[in-house]
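S.K.: You'll find my_file.pdb just under this line, and it carries PDB, C-alpha atoms, pLDDT in the B column.
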ATOM      1  CA  MET J 173     -29.931   8.315 -13.873  1.00 55.00           C
ATOM      2  CA  ALA J 174     -28.295   4.909 -13.336  1.00 77.00           C
ATOM      3  CA  ILE J 175     -25.205   6.011 -15.270  1.00 84.00           C
ATOM      4  CA  MET J 176     -24.916   9.269 -13.302  1.00 85.00           C
ATOM      5  CA  LEU J 177     -25.011   7.406 -10.003  1.00 89.00           C
ATOM      6  CA  PHE J 178     -22.477   4.938 -11.401  1.00 91.00           C
ATOM      7  CA  LEU J 179     -20.081   7.745 -12.353  1.00 91.00           C
ATOM      8  CA  LYS J 180     -20.535   9.566  -9.051  1.00 92.00           C
ATOM      9  CA  GLN J 181     -19.621   6.439  -7.132  1.00 93.00           C
ATOM     10  CA  ALA J 182     -16.668   5.681  -9.429  1.00 95.00           C
ATOM     11  CA  LEU J 183     -15.185   9.158  -8.932  1.00 96.00           C
ATOM     12  CA  THR J 184     -15.053   8.930  -5.139  1.00 95.00           C
ATOM     13  CA  CYS J 185     -11.611   7.279  -5.172  1.00 94.00           C
ATOM     14  CA  THR J 186     -10.053   9.715  -7.664  1.00 98.00           C
ATOM     15  CA  HIS J 187      -8.062  12.912  -7.223  1.00 98.00           C
ATOM     16  CA  PRO J 188     -10.258  15.963  -7.947  1.00 98.00           C
ATOM     17  CA  SER J 189      -7.840  17.163 -10.633  1.00 98.00           C
ATOM     18  CA  TRP J 190      -9.067  14.286 -12.830  1.00 98.00           C
ATOM     19  CA  HIS J 191     -12.811  14.787 -12.480  1.00 97.00           C
ATOM     20  CA  ASP J 192     -13.515  16.876 -15.587  1.00 97.00           C
ATOM     21  CA  THR J 193     -11.253  14.681 -17.724  1.00 98.00           C
ATOM     22  CA  LEU J 194     -12.851  11.475 -16.494  1.00 98.00           C
ATOM     23  CA  LEU J 195     -16.399  12.711 -16.961  1.00 96.00           C
ATOM     24  CA  ASN J 196     -15.570  13.784 -20.520  1.00 97.00           C
ATOM     25  CA  ALA J 197     -13.886  10.430 -21.181  1.00 98.00           C
ATOM     26  CA  PHE J 198     -16.925   8.524 -19.915  1.00 97.00           C
ATOM     27  CA  GLY J 199     -19.143  10.742 -22.044  1.00 96.00           C
ATOM     28  CA  ALA J 200     -17.317   9.538 -25.152  1.00 97.00           C
ATOM     29  CA  MET J 201     -17.979   5.879 -24.353  1.00 97.00           C
ATOM     30  CA  ASP J 202     -20.863   3.668 -25.444  1.00 97.00           C
ATOM     31  CA  GLN J 203     -23.601   4.679 -23.017  1.00 95.00           C
ATOM     32  CA  HIS J 204     -25.404   1.359 -23.443  1.00 95.00           C
ATOM     33  CA  TYR J 205     -22.232  -0.355 -22.254  1.00 97.00           C
ATOM     34  CA  LEU J 206     -21.925   1.943 -19.228  1.00 96.00           C
ATOM     35  CA  ASN J 207     -25.560   1.359 -18.422  1.00 94.00           C
ATOM     36  CA  ALA J 208     -24.961  -2.396 -18.525  1.00 95.00           C
ATOM     37  CA  LEU J 209     -22.005  -2.004 -16.146  1.00 96.00           C
ATOM     38  CA  SER J 210     -24.077   0.089 -13.767  1.00 94.00           C
ATOM     39  CA  ARG J 211     -26.635  -2.735 -13.504  1.00 93.00           C
ATOM     40  CA  ASP J 212     -24.116  -5.567 -13.116  1.00 94.00           C
ATOM     41  CA  SER J 213     -22.174  -6.237  -9.911  1.00 92.00           C
ATOM     42  CA  THR J 214     -20.209  -9.266 -11.143  1.00 96.00           C
ATOM     43  CA  TRP J 215     -17.381  -7.563 -13.035  1.00 98.00           C
ATOM     44  CA  LEU J 216     -13.982  -6.775 -11.535  1.00 98.00           C
ATOM     45  CA  PRO J 217     -12.566  -4.785  -9.836  1.00 98.00           C
ATOM     46  CA  GLY J 218     -15.979  -3.346  -8.895  1.00 96.00           C
ATOM     47  CA  ILE J 219     -17.301   0.202  -8.934  1.00 96.00           C
ATOM     48  CA  ASP J 220     -15.535   1.212  -5.709  1.00 95.00           C
ATOM     49  CA  LYS J 221     -12.112   0.341  -7.182  1.00 97.00           C
ATOM     50  CA  LEU J 222     -12.684   1.024 -10.881  1.00 98.00           C
ATOM     51  CA  LEU J 223     -10.779   4.325 -11.002  1.00 98.00           C
ATOM     52  CA  ASN J 224      -8.261   3.792  -8.182  1.00 98.00           C
ATOM     53  CA  ALA J 225      -5.372   4.478 -10.565  1.00 98.00           C
ATOM     54  CA  PHE J 226      -6.507   8.102 -10.795  1.00 98.00           C
ATOM     55  CA  SER J 227      -5.655   8.748  -7.153  1.00 97.00           C
ATOM     56  CA  LEU J 228      -2.401  10.113  -8.623  1.00 98.00           C
ATOM     57  CA  PRO J 229      -2.853  13.857  -9.230  1.00 98.00           C
ATOM     58  CA  PHE J 230      -3.186  14.736 -12.901  1.00 98.00           C
ATOM     59  CA  ASN J 231      -0.181  17.042 -13.105  1.00 98.00           C
ATOM     60  CA  GLU J 232       2.076  14.548 -11.293  1.00 98.00           C
ATOM     61  CA  THR J 233       1.722  11.947 -14.060  1.00 98.00           C
ATOM     62  CA  ARG J 234       5.172  11.258 -15.500  1.00 98.00           C
ATOM     63  CA  TRP J 235       4.520   7.845 -16.995  1.00 98.00           C
ATOM     64  CA  VAL J 236       1.445   5.790 -17.875  1.00 98.00           C
ATOM     65  CA  LEU J 237       2.106   2.090 -17.339  1.00 98.00           C
ATOM     66  CA  TYR J 238      -0.526   0.160 -19.278  1.00 98.00           C
ATOM     67  CA  GLY J 239      -1.416  -3.419 -18.478  1.00 97.00           C
ATOM     68  CA  GLU J 240      -4.162  -5.429 -20.107  1.00 97.00           C
ATOM     69  CA  SER J 241      -7.096  -5.928 -17.727  1.00 97.00           C
ATOM     70  CA  PRO J 242      -7.844  -6.449 -14.008  1.00 97.00           C
ATOM     71  CA  TYR J 243      -6.782  -9.621 -12.234  1.00 96.00           C
ATOM     72  CA  PRO J 244      -9.427 -12.371 -12.464  1.00 96.00           C
ATOM     73  CA  ARG J 245      -9.763 -12.648  -8.677  1.00 95.00           C
ATOM     74  CA  ALA J 246     -11.761 -10.318  -6.439  1.00 96.00           C
ATOM     75  CA  LEU J 247      -9.036 -10.235  -3.773  1.00 96.00           C
ATOM     76  CA  SER J 248      -6.381  -9.348  -6.344  1.00 97.00           C
ATOM     77  CA  ALA J 249      -8.133  -6.788  -8.573  1.00 97.00           C
ATOM     78  CA  ASN J 250      -7.835  -3.309  -7.069  1.00 97.00           C
ATOM     79  CA  GLY J 251      -7.976  -0.890 -10.016  1.00 97.00           C
ATOM     80  CA  TYR J 252      -4.202  -0.570 -10.443  1.00 98.00           C
ATOM     81  CA  ALA J 253      -2.410  -2.286 -13.324  1.00 98.00           C
ATOM     82  CA  PHE J 254      -0.056  -5.105 -12.235  1.00 97.00           C
ATOM     83  CA  TRP J 255      -0.703  -4.596  -8.501  1.00 97.00           C
ATOM     84  CA  ASP J 256      -2.034  -7.860  -7.056  1.00 97.00           C
ATOM     85  CA  ALA J 257      -3.805  -6.748  -3.890  1.00 97.00           C
ATOM     86  CA  ALA J 258      -3.818 -10.301  -2.522  1.00 97.00           C
ATOM     87  CA  VAL J 259      -0.008 -10.359  -2.292  1.00 98.00           C
ATOM     88  CA  GLY J 260       1.604  -9.136   0.909  1.00 98.00           C
ATOM     89  CA  ALA J 261       5.279  -9.936   1.448  1.00 98.00           C
ATOM     90  CA  ILE J 262       7.603  -9.859  -1.559  1.00 98.00           C
ATOM     91  CA  TRP J 263      10.470 -11.896  -0.122  1.00 98.00           C
ATOM     92  CA  SER J 264      11.001 -15.145   1.730  1.00 97.00           C
ATOM     93  CA  SER J 265      14.017 -16.986   3.081  1.00 96.00           C
ATOM     94  CA  THR J 266      14.170 -18.958  -0.164  1.00 96.00           C
ATOM     95  CA  GLY J 267      13.905 -15.967  -2.510  1.00 97.00           C
ATOM     96  CA  LEU J 268      10.526 -14.560  -3.492  1.00 98.00           C
ATOM     97  CA  SER J 269       7.445 -15.234  -1.402  1.00 98.00           C
ATOM     98  CA  THR J 270       5.062 -18.029  -2.350  1.00 97.00           C
ATOM     99  CA  ALA J 271       2.395 -15.521  -3.365  1.00 97.00           C
ATOM    100  CA  VAL J 272       4.771 -13.687  -5.711  1.00 98.00           C
ATOM    101  CA  ASN J 273       6.013 -16.941  -7.232  1.00 96.00           C
ATOM    102  CA  ARG J 274       2.445 -17.978  -8.002  1.00 95.00           C
ATOM    103  CA  ALA J 275       1.786 -14.724  -9.873  1.00 94.00           C
ATOM    104  CA  THR J 276       3.840 -15.150 -13.048  1.00 95.00           C
ATOM    105  CA  SER J 277       3.626 -11.536 -14.253  1.00 96.00           C
ATOM    106  CA  LEU J 278       4.514 -10.174 -10.860  1.00 96.00           C
ATOM    107  CA  ARG J 279       7.401 -12.603 -10.396  1.00 97.00           C
ATOM    108  CA  ASN J 280       8.890 -11.634 -13.764  1.00 98.00           C
ATOM    109  CA  PHE J 281       8.356  -7.922 -13.086  1.00 98.00           C
ATOM    110  CA  ILE J 282      10.286  -8.068  -9.814  1.00 98.00           C
ATOM    111  CA  LYS J 283      13.050 -10.149 -11.366  1.00 98.00           C
ATOM    112  CA  MET J 284      13.294  -7.569 -14.156  1.00 98.00           C
ATOM    113  CA  LEU J 285      13.682  -4.778 -11.576  1.00 98.00           C
ATOM    114  CA  LEU J 286      16.462  -6.717  -9.845  1.00 98.00           C
ATOM    115  CA  VAL J 287      18.295  -7.159 -13.143  1.00 98.00           C
ATOM    116  CA  ALA J 288      17.696  -3.536 -14.191  1.00 98.00           C
ATOM    117  CA  GLU J 289      19.151  -2.257 -10.922  1.00 95.00           C
ATOM    118  CA  GLY J 290      22.217  -4.479 -11.354  1.00 95.00           C
ATOM    119  CA  THR J 291      21.485  -6.666  -8.342  1.00 94.00           C
ATOM    120  CA  LEU J 292      21.071  -9.813 -10.454  1.00 97.00           C
ATOM    121  CA  THR J 293      22.338 -10.766 -13.881  1.00 97.00           C
ATOM    122  CA  ILE J 294      20.074 -12.002 -16.642  1.00 96.00           C
ATOM    123  CA  ASP J 295      21.604 -15.472 -16.402  1.00 95.00           C
ATOM    124  CA  HIS J 296      21.157 -15.750 -12.635  1.00 95.00           C
ATOM    125  CA  THR J 297      17.596 -15.013 -11.493  1.00 97.00           C
ATOM    126  CA  LYS J 298      16.850 -18.324  -9.790  1.00 96.00           C
ATOM    127  CA  PRO J 299      15.528 -18.511  -6.201  1.00 96.00           C
ATOM    128  CA  THR J 300      18.973 -19.236  -4.770  1.00 97.00           C
ATOM    129  CA  ALA J 301      20.369 -16.027  -6.284  1.00 97.00           C
ATOM    130  CA  ILE J 302      17.468 -13.989  -4.909  1.00 98.00           C
ATOM    131  CA  ALA J 303      17.694 -15.655  -1.493  1.00 97.00           C
ATOM    132  CA  ALA J 304      21.355 -14.592  -1.203  1.00 97.00           C
ATOM    133  CA  LEU J 305      20.597 -10.887  -1.701  1.00 96.00           C
ATOM    134  CA  ASP J 306      20.723  -8.325   1.087  1.00 94.00           C
ATOM    135  CA  LYS J 307      17.116  -7.123   0.962  1.00 94.00           C
ATOM    136  CA  ARG J 308      17.324  -4.556   3.743  1.00 92.00           C
ATOM    137  CA  PRO J 309      17.214  -1.590   1.308  1.00 94.00           C
ATOM    138  CA  TYR J 310      14.195  -3.025  -0.529  1.00 96.00           C
ATOM    139  CA  CYS J 311      10.463  -2.668  -0.178  1.00 97.00           C
ATOM    140  CA  ARG J 312       9.181  -5.470   2.017  1.00 97.00           C
ATOM    141  CA  THR J 313       5.611  -5.640   0.737  1.00 97.00           C
ATOM    142  CA  LEU J 314       3.951  -5.301  -2.627  1.00 98.00           C
ATOM    143  CA  LYS J 315       1.927  -2.374  -1.318  1.00 97.00           C
ATOM    144  CA  GLN J 316       5.165  -0.529  -0.518  1.00 97.00           C
ATOM    145  CA  LEU J 317       6.516  -1.206  -4.001  1.00 98.00           C
ATOM    146  CA  PHE J 318       3.453  -0.008  -5.864  1.00 98.00           C
ATOM    147  CA  LYS J 319       3.025   3.032  -3.643  1.00 97.00           C
ATOM    148  CA  HIS J 320       6.624   3.808  -4.561  1.00 96.00           C
ATOM    149  CA  LEU J 321       5.767   3.574  -8.268  1.00 97.00           C
ATOM    150  CA  ILE J 322       2.858   5.942  -7.754  1.00 98.00           C
ATOM    151  CA  GLN J 323       5.051   8.390  -5.809  1.00 96.00           C
ATOM    152  CA  HIS J 324       7.414   8.391  -8.782  1.00 96.00           C
ATOM    153  CA  GLY J 325       4.546   9.465 -11.041  1.00 98.00           C
ATOM    154  CA  PHE J 326       3.355   6.183 -12.546  1.00 98.00           C
ATOM    155  CA  LEU J 327      -0.304   6.110 -13.560  1.00 98.00           C
ATOM    156  CA  LEU J 328      -0.976   2.361 -13.334  1.00 98.00           C
ATOM    157  CA  LEU J 329      -3.734   1.901 -15.878  1.00 98.00           C
ATOM    158  CA  ASN J 330      -5.139  -1.133 -17.666  1.00 98.00           C
ATOM    159  CA  ALA J 331      -6.180  -0.942 -21.316  1.00 98.00           C
ATOM    160  CA  SER J 332      -9.515  -2.336 -20.150  1.00 98.00           C
ATOM    161  CA  LEU J 333     -10.575  -1.094 -16.732  1.00 98.00           C
ATOM    162  CA  VAL J 334     -13.088  -3.935 -16.450  1.00 98.00           C
ATOM    163  CA  LEU J 335     -12.860  -7.723 -16.482  1.00 98.00           C
ATOM    164  CA  SER J 336     -16.180  -9.405 -17.223  1.00 97.00           C
ATOM    165  CA  THR J 337     -17.469 -12.379 -19.176  1.00 96.00           C
ATOM    166  CA  ARG J 338     -16.792 -10.516 -22.428  1.00 96.00           C
ATOM    167  CA  PRO J 339     -13.616 -11.365 -24.357  1.00 96.00           C
ATOM    168  CA  LYS J 340     -10.743  -9.199 -23.101  1.00 96.00           C
ATOM    169  CA  VAL J 341     -10.014  -7.796 -26.556  1.00 96.00           C
ATOM    170  CA  LEU J 342     -13.640  -6.706 -26.982  1.00 97.00           C
ATOM    171  CA  GLU J 343     -13.727  -5.166 -23.512  1.00 97.00           C
ATOM    172  CA  ALA J 344     -10.565  -3.198 -24.219  1.00 98.00           C
ATOM    173  CA  ARG J 345     -12.052  -1.938 -27.486  1.00 97.00           C
ATOM    174  CA  LEU J 346     -15.028  -0.564 -25.575  1.00 98.00           C
ATOM    175  CA  TRP J 347     -12.621   1.419 -23.381  1.00 98.00           C
ATOM    176  CA  LEU J 348     -10.695   3.001 -26.286  1.00 98.00           C
ATOM    177  CA  PRO J 349     -12.816   6.210 -26.271  1.00 98.00           C
ATOM    178  CA  PHE J 350     -12.157   6.562 -22.553  1.00 98.00           C
ATOM    179  CA  GLN J 351      -8.417   6.071 -23.035  1.00 98.00           C
ATOM    180  CA  ASN J 352      -8.475   8.598 -25.855  1.00 98.00           C
ATOM    181  CA  GLY J 353     -10.035  11.164 -23.521  1.00 98.00           C
ATOM    182  CA  VAL J 354      -7.468  10.520 -20.792  1.00 98.00           C
ATOM    183  CA  LEU J 355      -4.538  10.711 -23.198  1.00 98.00           C
ATOM    184  CA  THR J 356      -5.881  13.835 -24.909  1.00 98.00           C
ATOM    185  CA  ALA J 357      -5.920  15.563 -21.530  1.00 98.00           C
ATOM    186  CA  LEU J 358      -2.430  14.310 -20.631  1.00 98.00           C
ATOM    187  CA  SER J 359      -1.088  15.581 -23.955  1.00 98.00           C
ATOM    188  CA  THR J 360      -1.703  19.133 -22.707  1.00 98.00           C
ATOM    189  CA  LEU J 361       0.824  18.794 -19.865  1.00 98.00           C
ATOM    190  CA  PRO J 362       4.018  20.848 -20.348  1.00 97.00           C
ATOM    191  CA  GLN J 363       5.882  17.536 -20.561  1.00 96.00           C
ATOM    192  CA  PRO J 364       3.527  14.767 -21.726  1.00 96.00           C
ATOM    193  CA  PRO J 365       4.185  11.465 -19.944  1.00 98.00           C
ATOM    194  CA  GLU J 366       5.887   8.495 -21.560  1.00 98.00           C
ATOM    195  CA  LEU J 367       3.575   5.550 -22.236  1.00 98.00           C
ATOM    196  CA  LEU J 368       4.604   1.986 -21.410  1.00 98.00           C
ATOM    197  CA  LEU J 369       2.447  -0.506 -23.308  1.00 98.00           C
ATOM    198  CA  PHE J 370       2.984  -4.000 -21.898  1.00 98.00           C
ATOM    199  CA  GLY J 371       1.171  -6.800 -23.691  1.00 97.00           C
ATOM    200  CA  LYS J 372      -0.863  -7.300 -26.857  1.00 96.00           C
ATOM    201  CA  ILE J 373      -4.066  -5.791 -25.502  1.00 97.00           C
ATOM    202  CA  ALA J 374      -2.254  -2.688 -24.255  1.00 98.00           C
ATOM    203  CA  ASP J 375      -0.604  -2.476 -27.665  1.00 96.00           C
ATOM    204  CA  THR J 376      -4.038  -1.951 -29.287  1.00 95.00           C
ATOM    205  CA  LEU J 377      -3.926   1.596 -27.914  1.00 97.00           C
ATOM    206  CA  GLN J 378      -1.677   2.357 -30.874  1.00 95.00           C
ATOM    207  CA  HIS J 379      -4.876   2.521 -32.917  1.00 95.00           C
ATOM    208  CA  LEU J 380      -5.526   5.897 -31.274  1.00 98.00           C
ATOM    209  CA  ALA J 381      -4.090   8.837 -33.217  1.00 98.00           C
ATOM    210  CA  ILE J 382      -3.327  10.684 -29.973  1.00 98.00           C
ATOM    211  CA  ILE J 383      -0.667   8.062 -29.170  1.00 97.00           C
ATOM    212  CA  ARG J 384       1.672   9.719 -31.667  1.00 96.00           C
ATOM    213  CA  GLN J 385       1.980  12.707 -29.335  1.00 97.00           C
ATOM    214  CA  PHE J 386       3.695  10.621 -26.653  1.00 98.00           C
ATOM    215  CA  PRO J 387       7.017   8.815 -26.373  1.00 97.00           C
ATOM    216  CA  CYS J 388       6.212   5.103 -26.097  1.00 97.00           C
ATOM    217  CA  LEU J 389       7.913   1.974 -24.818  1.00 98.00           C
ATOM    218  CA  ILE J 390       6.232  -1.115 -26.258  1.00 98.00           C
ATOM    219  CA  ALA J 391       7.052  -4.522 -24.805  1.00 98.00           C
ATOM    220  CA  GLU J 392       5.688  -7.975 -24.230  1.00 98.00           C
ATOM    221  CA  HIS J 393       3.495  -8.599 -21.194  1.00 97.00           C
ATOM    222  CA  PRO J 394       5.437  -9.534 -18.036  1.00 98.00           C
ATOM    223  CA  TYR J 395       3.908 -13.031 -18.036  1.00 97.00           C
ATOM    224  CA  ASN J 396       6.440 -13.742 -20.819  1.00 98.00           C
ATOM    225  CA  LEU J 397       9.823 -14.879 -19.506  1.00 97.00           C
ATOM    226  CA  SER J 398      11.524 -12.734 -22.143  1.00 98.00           C
ATOM    227  CA  PHE J 399      10.272  -9.633 -20.327  1.00 98.00           C
ATOM    228  CA  ILE J 400      12.995 -10.086 -17.699  1.00 98.00           C
ATOM    229  CA  SER J 401      15.746  -9.606 -20.282  1.00 98.00           C
ATOM    230  CA  ASN J 402      14.058  -7.123 -22.655  1.00 98.00           C
ATOM    231  CA  PRO J 403      16.835  -4.542 -23.206  1.00 98.00           C
ATOM    232  CA  ASP J 404      14.460  -1.610 -23.718  1.00 98.00           C
ATOM    233  CA  VAL J 405      12.563  -2.406 -20.526  1.00 98.00           C
ATOM    234  CA  LEU J 406      15.807  -2.836 -18.555  1.00 98.00           C
ATOM    235  CA  ALA J 407      17.186   0.459 -19.863  1.00 98.00           C
ATOM    236  CA  PHE J 408      14.013   2.306 -18.869  1.00 98.00           C
ATOM    237  CA  PHE J 409      13.885   0.990 -15.292  1.00 98.00           C
ATOM    238  CA  LYS J 410      17.646   0.996 -14.650  1.00 96.00           C
ATOM    239  CA  ALA J 411      17.963   4.427 -13.064  1.00 92.00           C
ATOM    240  CA  LEU J 412      14.684   4.460 -11.135  1.00 96.00           C
ATOM    241  CA  ASN J 413      15.686   2.095  -8.302  1.00 94.00           C
ATOM    242  CA  LEU J 414      12.042   1.359  -7.587  1.00 96.00           C
ATOM    243  CA  LEU J 415      12.734  -1.564  -5.284  1.00 96.00           C
ATOM    244  CA  GLN J 416      14.748   0.593  -2.887  1.00 94.00           C
ATOM    245  CA  CYS J 417      12.048   2.000  -0.698  1.00 83.00           C
ATOM    246  CA  ALA J 418      12.385   0.200   2.627  1.00 57.00           C
ATOM    247  CA  THR J 419      11.737   2.289   5.718  1.00 53.00           C
TER     248      THR J 419
END
Translate this file's structure into structure tokens.

M.R.:
Amino acid sequence: MAIMLFLKQALTCTHPSWHDTLLNAFGAMDQHYLNALSRDSTWLPGIDKLLNAFSLPFNETRWVLYGESPYPRALSANGYAFWDAAVGAIWSSTGLSTAVNRATSLRNFIKMLLVAEGTLTIDHTKPTAIAALDKRPYCRTLKQLFKHLIQHGFLLLNASLVLSTRPKVLEARLWLPFQNGVLTALSTLPQPPELLLFGKIADTLQHLAIIRQFPCLIAEHPYNLSFISNPDVLAFFKALNLLQCAT
């Protein structure tokens, strides 16, 4: 009964087109683990945000962008991979906002987008170069940027949907049956989405046989400086112009 109530509450933030898939995916998981989650209120992002990523309709999924696990702060973790809910403005008069600069992964991700779109060069991503840009065509807030990603068809999913006191690698392993269920369903789409696996924990999804049915881009996590200049990542994001969403 506790698990059923847990699942019912988790599904409230999801698009109805996902419900059968998600229930089947949860059914494949360790039920003792789910029961433990249902009785614990200390893990992030919390039951009300756990499945936020699935607000994107099932058949609109064009890419699955996998991160590792939720942010380790209640204000930041919101159920979407890489979206720090505590960050508001992206820009400042000196380049990136203080909040973005403090979030290493986010800072490198935005710098990568600027390089991919040809606004900056790999050798010139310092604050002075960013401060000199005309930002009028760009998203002003992080919420705008990530809503733009979702509108493009990005399912922003972490390899582990939960951050708790367990080691991250172990937590992600417990979510592998769930991920297998989600990917099995997505493989039935007329054009299966491309998977973007960013980071070592996301890379463990390659242990699933279903992965072979999808095109994959595998890269280091954005907290690595090398992410900004990764040629495969830059080539993927080049034509999307995700930063250009200002209204």

S.K.: The PyMOL selection byres ((chain J and resi 312-316) around 12) on the file shown: which residues, as JSON, numbers by chain?

M.R.: {"J": [248, 250, 252, 254, 255, 256, 257, 258, 259, 260, 261, 262, 263, 264, 268, 269, 271, 272, 278, 279, 281, 282, 306, 307, 308, 309, 310, 311, 317, 318, 319, 320, 321, 322, 323, 414, 415, 416, 417, 418, 419]}

S.K.: Please, could you write that set of residues out with C-alpha atoms as an mmCIF file, in the coordinates of the input?

M.R.:
data_model
loop_
_atom_site.group_PDB
_atom_site.id
_atom_site.type_symbol
_atom_site.label_atom_id
_atom_site.label_comp_id
_atom_site.auth_asym_id
_atom_site.auth_seq_id
_atom_site.Cartn_x
_atom_site.Cartn_y
_atom_site.Cartn_z
ATOM 1 C CA SER J 248 -6.381 -9.348 -6.344
ATOM 2 C CA ASN J 250 -7.835 -3.309 -7.069
ATOM 3 C CA TYR J 252 -4.202 -0.570 -10.443
ATOM 4 C CA PHE J 254 -0.056 -5.105 -12.235
ATOM 5 C CA TRP J 255 -0.703 -4.596 -8.501
ATOM 6 C CA ASP J 256 -2.034 -7.860 -7.056
ATOM 7 C CA ALA J 257 -3.805 -6.748 -3.890
ATOM 8 C CA ALA J 258 -3.818 -10.301 -2.522
ATOM 9 C CA VAL J 259 -0.008 -10.359 -2.292
ATOM 10 C CA GLY J 260 1.604 -9.136 0.909
ATOM 11 C CA ALA J 261 5.279 -9.936 1.448
ATOM 12 C CA ILE J 262 7.603 -9.859 -1.559
ATOM 13 C CA TRP J 263 10.470 -11.896 -0.122
ATOM 14 C CA SER J 264 11.001 -15.145 1.730
ATOM 15 C CA LEU J 268 10.526 -14.560 -3.492
ATOM 16 C CA SER J 269 7.445 -15.234 -1.402
ATOM 17 C CA ALA J 271 2.395 -15.521 -3.365
ATOM 18 C CA VAL J 272 4.771 -13.687 -5.711
ATOM 19 C CA LEU J 278 4.514 -10.174 -10.860
ATOM 20 C CA ARG J 279 7.401 -12.603 -10.396
ATOM 21 C CA PHE J 281 8.356 -7.922 -13.086
ATOM 22 C CA ILE J 282 10.286 -8.068 -9.814
ATOM 23 C CA ASP J 306 20.723 -8.325 1.087
ATOM 24 C CA LYS J 307 17.116 -7.123 0.962
ATOM 25 C CA ARG J 308 17.324 -4.556 3.743
ATOM 26 C CA PRO J 309 17.214 -1.590 1.308
ATOM 27 C CA TYR J 310 14.195 -3.025 -0.529
ATOM 28 C CA CYS J 311 10.463 -2.668 -0.178
ATOM 29 C CA LEU J 317 6.516 -1.206 -4.001
ATOM 30 C CA PHE J 318 3.453 -0.008 -5.864
ATOM 31 C CA LYS J 319 3.025 3.032 -3.643
ATOM 32 C CA HIS J 320 6.624 3.808 -4.561
ATOM 33 C CA LEU J 321 5.767 3.574 -8.268
ATOM 34 C CA ILE J 322 2.858 5.942 -7.754
ATOM 35 C CA GLN J 323 5.051 8.390 -5.809
ATOM 36 C CA LEU J 414 12.042 1.359 -7.587
ATOM 37 C CA LEU J 415 12.734 -1.564 -5.284
ATOM 38 C CA GLN J 416 14.748 0.593 -2.887
ATOM 39 C CA CYS J 417 12.048 2.000 -0.698
ATOM 40 C CA ALA J 418 12.385 0.200 2.627
ATOM 41 C CA THR J 419 11.737 2.289 5.718
#

S.K.: Tyr243 of chain J: which residues within 8 Å, counting only C-alpha atoms, same-chain residues fewer than 6 positions away excluded, as a PyMOL selection string?

M.R.: chain J and resi 216-217+249+256+335

S.K.: Near segment 283-294 of chain J, within 10 Å and counting all atoms listed in the file, which residues show up once chain neighbours fewer than 4 positions away are dropped, as a VMD selection string?

M.R.: chain J and resid 268 277 to 279 298 301 to 302 305 to 306 394 397 to 403 405 to 416

S.K.: When you count all atoms listed in the file, which of these residues is closest to Gln203 of chain J: J:Leu228, J:Met176, J:Leu223, J:Leu342?

M.R.: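 When distances to Gln203 of chain J are compared using all atoms listed in the file, the smallest one comes from J:Met176.
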
S.K.: Care to translate the PyMOL selection byres ((chain J and resi 237) around 9) into actual residues of this file, as a PDB file with C-alpha atoms, in the coordinates of the input?

M.R.:
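Wrote it out as expr_9.pdb, contents follow:
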ATOM      1  CA  TRP J 235       4.520   7.845 -16.995  1.00 98.00           C
ATOM      2  CA  VAL J 236       1.445   5.790 -17.875  1.00 98.00           C
ATOM      3  CA  TYR J 238      -0.526   0.160 -19.278  1.00 98.00           C
ATOM      4  CA  GLY J 239      -1.416  -3.419 -18.478  1.00 97.00           C
ATOM      5  CA  ALA J 253      -2.410  -2.286 -13.324  1.00 98.00           C
ATOM      6  CA  PHE J 326       3.355   6.183 -12.546  1.00 98.00           C
ATOM      7  CA  LEU J 327      -0.304   6.110 -13.560  1.00 98.00           C
ATOM      8  CA  LEU J 328      -0.976   2.361 -13.334  1.00 98.00           C
ATOM      9  CA  LEU J 329      -3.734   1.901 -15.878  1.00 98.00           C
ATOM     10  CA  ASN J 330      -5.139  -1.133 -17.666  1.00 98.00           C
ATOM     11  CA  GLU J 366       5.887   8.495 -21.560  1.00 98.00           C
ATOM     12  CA  LEU J 367       3.575   5.550 -22.236  1.00 98.00           C
ATOM     13  CA  LEU J 368       4.604   1.986 -21.410  1.00 98.00           C
ATOM     14  CA  LEU J 369       2.447  -0.506 -23.308  1.00 98.00           C
ATOM     15  CA  PHE J 370       2.984  -4.000 -21.898  1.00 98.00           C
TER      16      PHE J 370
END

S.K.: I'd like the interatomic distance between atom CA of Cys388 of chain J and atom CA of Leu183 of chain J, to a tenth of an Å.

M.R.: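 We find that atom CA of Cys388 of chain J and atom CA of Leu183 of chain J lie 27.7 Å from each other.
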
S.K.: Show which residues sit within 10 Å of Leu361 of chain J, as a PyMOL selection string. Count all atoms listed in the file, and ignore same-chain residues fewer than 4 positions away.

M.R.: chain J and resi 230-234+356-357+365

S.K.: What is the distance, in Å and to one decimal place, between atom CA of Pro349 of chain J and atom CA of Arg384 of chain J?

M.R.: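 Result for atom CA of Pro349 of chain J versus atom CA of Arg384 of chain J: 15.9 Å, one decimal.
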
S.K.: What is the distance between atom CA of Gly325 of chain J and atom CA of Arg345 of chain J, in Å to one decimal?

M.R.: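 Atom-to-atom, atom CA of Gly325 of chain J and atom CA of Arg345 of chain J are spaced 26.0 Å apart.
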
S.K.: To test your reading of the syntax: which residues would the PyMOL selection byres ((chain J and resi 189-197) around 8) return for the file shown? Reply as a list in words.

M.R.: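 Answer for the PyMOL selection byres ((chain J and resi 189-197) around 8): Leu179, Leu183, Thr186, His187, Pro188, Phe198, Gly199, Ala200, Met201, Phe226, Pro229, Phe230, Pro349, Phe350, Gln351, Asn352, Gly353, Val354 and Ala357 of chain J.
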
S.K.: Report, as lines of an AutoDock Vina configuration file, the centre and edge lengths in Å (one decimal) of the axis-aligned box enclosing every listed atom of segment 228-239 of chain J, padded by 6 Å on each side.

M.R.:
center_x = 1.0
center_y = 6.8
center_z = -14.0
size_x = 20.4
size_y = 32.5
size_z = 22.7

S.K.: Could you check which of J:Glu392, J:Asp212, J:Glu240, J:Asp220 is closest to Ala182 of chain J, using only C-alpha atoms?

M.R.: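 Closest to Ala182 of chain J, using only C-alpha atoms: J:Asp220.
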